[in-house]
Amino acid sequence: MKWHLSFKIQRPGLDRRMDESIAGAWEFMQAIKPYDPTFHRWRETARTKAQAEANPNIETLDQLRQAVYASADPELPGVIRSFFSGDIGTGGSNLYIQLGMVYTDTHSIRLETGPALGARIDTDEDFADWLIYTGARIINPTIGALTREDYKPRNINIEGPTPYNYGQGWKMFFHRDSPHWAQAHALASKAMPVAEGAILTYGTPDTYTQTLNQWPRPQNPQEGQPS
């Protein structure tokens with residue numbers, strides 16, 4: 001099964017420090033490199049397979065930074081770039097870096113696993129803990145989630161949106177300053193401190209959505225704003 005490991009960083013002045021988020025993404029890429037052979041080769045995605053195959057390998061932080069900024073549109077407030085690991089057609093992973101687009105001073109880094117890495121998460125909870133722990137330690141996000149591709153979110157027409165305005169995850173990171181800190185812990189089956197917050201586990205990969213659907217419905221729209 002594929003998994004998505006997502007981190008959102010939301011801090012004043014972050015858009016003036018985009019290199020900081022790129023460096024965090026690069027450090028995370030290096031930390032997970034030993035755990036999947038495809039991680040030894042990263043390239044930027046492209047519109048066609050031929051173009052993607054022609055893209056150079058990204059082997060240094062400077063090359064990653066240049067790839068992120070290379071085609072940035074000066075008319076837009078930020079940048080979105082995607083990268084793939086391994087060779088085309090070999091079942092690698094994808095990495096997405098979104099800096100300052102949509103929301104001011106909000107950056108996100110997301111890893112979409114290939115089948116080999118996804119299968120390991122399926123069968124090894126210690127590895128799943130290590131993966132989100134490592135990402136949270138390096139990136140120090142505002143909120144994060146390890147989410148299975150086939151997850152079913154709560155029905156927003158019936159139960160209302162998740163109060164933290166983020167994808168539900170089997171394992172989630174909440175910053176200690178989050179207004180949802182207490183509620184997040186109340187529903188968790190396991191807690192592990194890391195960086196400036198904690199990683200919280202919600203049941204199992206098959207039950208976590210039911211657990212998180214117990215989150216109280218917001219009393220007013222403002223309670224559903226980003227944490």
# chains A, B, ... in the order shown; residues from 1 in each chain; ligands from 1
call {"tool": "closest_atom_pairs", "arguments": {"of": "region 111-200 of chain A", "to": "region 38-57 of chain A", "cutoff": "10 Å", "atoms": "only C-alpha atoms", "output": "tab-separated table"}}
result
residue	atom	partner	partner_atom	distance
A:Gly114	CA	A:Thr38	CA	9.0
A:Ala116	CA	A:Thr38	CA	9.6
A:Leu117	CA	A:Thr38	CA	9.8
call {"tool": "select_by_dssp", "arguments": {"residues": "region 12-227 of chain A", "states": "strand (DSSP E)", "output": "ChimeraX atom specification"}}
result
/A:42-44,79-85,94-99,106-112,143-148,171-175,190-194,197-201
call {"tool": "write_last_selection", "arguments": {"atoms": "C-alpha atoms", "output": "CSV table (one decimal), in the first residue's frame"}}
result
chain,number,residue,atom,x,y,z
A,42,TRP,CA,16.4,11.7,-7.4
A,43,ARG,CA,15.3,13.8,-10.4
A,44,GLU,CA,12.7,16.5,-11.0
A,79,VAL,CA,6.8,27.6,-5.8
A,80,ILE,CA,5.7,24.0,-6.1
A,81,ARG,CA,8.1,21.3,-7.3
A,82,SER,CA,8.0,17.5,-7.4
A,83,PHE,CA,10.7,15.0,-7.6
A,84,PHE,CA,10.9,11.2,-8.2
A,85,SER,CA,13.3,8.6,-6.9
A,94,ASN,CA,7.7,11.0,-5.0
A,95,LEU,CA,8.7,14.1,-3.1
A,96,TYR,CA,6.7,17.3,-3.2
A,97,ILE,CA,8.0,20.7,-2.0
A,98,GLN,CA,5.5,23.6,-1.8
A,99,LEU,CA,6.8,26.9,-0.5
A,106,THR,CA,3.1,28.2,4.9
A,107,HIS,CA,5.4,25.5,3.5
A,108,SER,CA,4.8,21.8,3.0
A,109,ILE,CA,7.0,18.8,2.3
A,110,ARG,CA,5.3,15.5,1.3
A,111,LEU,CA,6.7,12.1,0.6
A,112,GLU,CA,4.5,9.6,-1.4
A,143,ILE,CA,1.5,19.6,12.0
A,144,GLY,CA,2.2,16.3,10.2
A,145,ALA,CA,0.6,13.0,9.2
A,146,LEU,CA,1.4,9.5,8.0
A,147,THR,CA,-1.6,8.6,5.9
A,148,ARG,CA,-2.5,5.4,4.0
A,171,LYS,CA,0.3,8.7,13.1
A,172,MET,CA,0.3,12.5,13.4
A,173,PHE,CA,2.6,15.2,14.7
A,174,PHE,CA,1.2,18.1,16.7
A,175,HIS,CA,3.3,21.1,17.8
A,190,LYS,CA,0.4,6.2,21.9
A,191,ALA,CA,2.5,9.3,22.3
A,192,MET,CA,6.1,10.0,21.5
A,193,PRO,CA,7.8,13.3,22.1
A,194,VAL,CA,9.9,14.8,19.3
A,197,GLY,CA,5.8,18.5,19.9
A,198,ALA,CA,4.8,14.9,19.8
A,199,ILE,CA,3.9,12.1,17.5
A,200,LEU,CA,0.6,10.5,18.3
A,201,THR,CA,-0.7,7.2,17.1
call {"tool": "select_by_dssp", "arguments": {"residues": "region 33-133 of chain A", "states": "helix (DSSP H, G or I)", "output": "ChimeraX atom specification"}}
result
/A:33-35,37-40,49-54,61-70,115-123,125-133
call {"tool": "closest_residue", "arguments": {"among": "A:Gln183, A:Ser6, A:Thr134, A:Thr142", "to": "Gln214 (chain A)", "atoms": "only C-alpha atoms"}}
result
A:Gln183
call {"tool": "closest_residue", "arguments": {"among": "A:Ala188, A:Ala119, A:Val68, A:Met1", "to": "Ser21 (chain A)", "atoms": "only C-alpha atoms"}}
result
A:Val68
call {"tool": "closest_residue", "arguments": {"among": "A:Pro205, A:Gly78, A:Pro12, A:Pro141", "to": "Ala128 (chain A)", "atoms": "only C-alpha atoms"}}
result
A:Pro205
call {"tool": "atom_distance", "arguments": {"atom1": "CA of Ala136 (chain A)", "atom2": "CA of Trp170 (chain A)"}}
result
14.8 Å
call {"tool": "closest_residue", "arguments": {"among": "A:Gly13, A:Gly89, A:Gly167, A:Gly24", "to": "Leu212 (chain A)", "atoms": "only C-alpha atoms"}}
result
A:Gly167
call {"tool": "atom_distance", "arguments": {"atom1": "CA of Asp206 (chain A)", "atom2": "CA of Ile32 (chain A)"}}
result
25.0 Å
call {"tool": "closest_residue", "arguments": {"among": "A:Thr90, A:Thr162, A:Thr123, A:Gln63", "to": "Asn213 (chain A)", "atoms": "only C-alpha atoms"}}
result
A:Thr162
call {"tool": "residues_around", "arguments": {"residues": "Ile138 (chain A)", "least_positions_apart": "4", "cutoff": "9 Å", "atoms": "only C-alpha atoms", "output": "list in words"}}
result
Gly24, Ala25, Glu27, Phe28, Tyr133, Thr134 and Ala195 of chain A
call {"tool": "write_last_selection", "arguments": {"atoms": "C-alpha atoms", "output": "compact mmCIF listing (two decimals), in the first residue's frame"}}
result
# COMPACT_ATOMS: atom_id res chain seq x y z
CA GLY A 24 15.14 20.52 5.75
CA ALA A 25 13.76 18.56 2.81
CA GLU A 27 18.33 16.52 5.19
CA PHE A 28 15.23 14.33 5.36
CA TYR A 133 9.84 10.74 13.98
CA THR A 134 12.82 11.44 11.70
CA ALA A 195 11.21 18.23 18.36
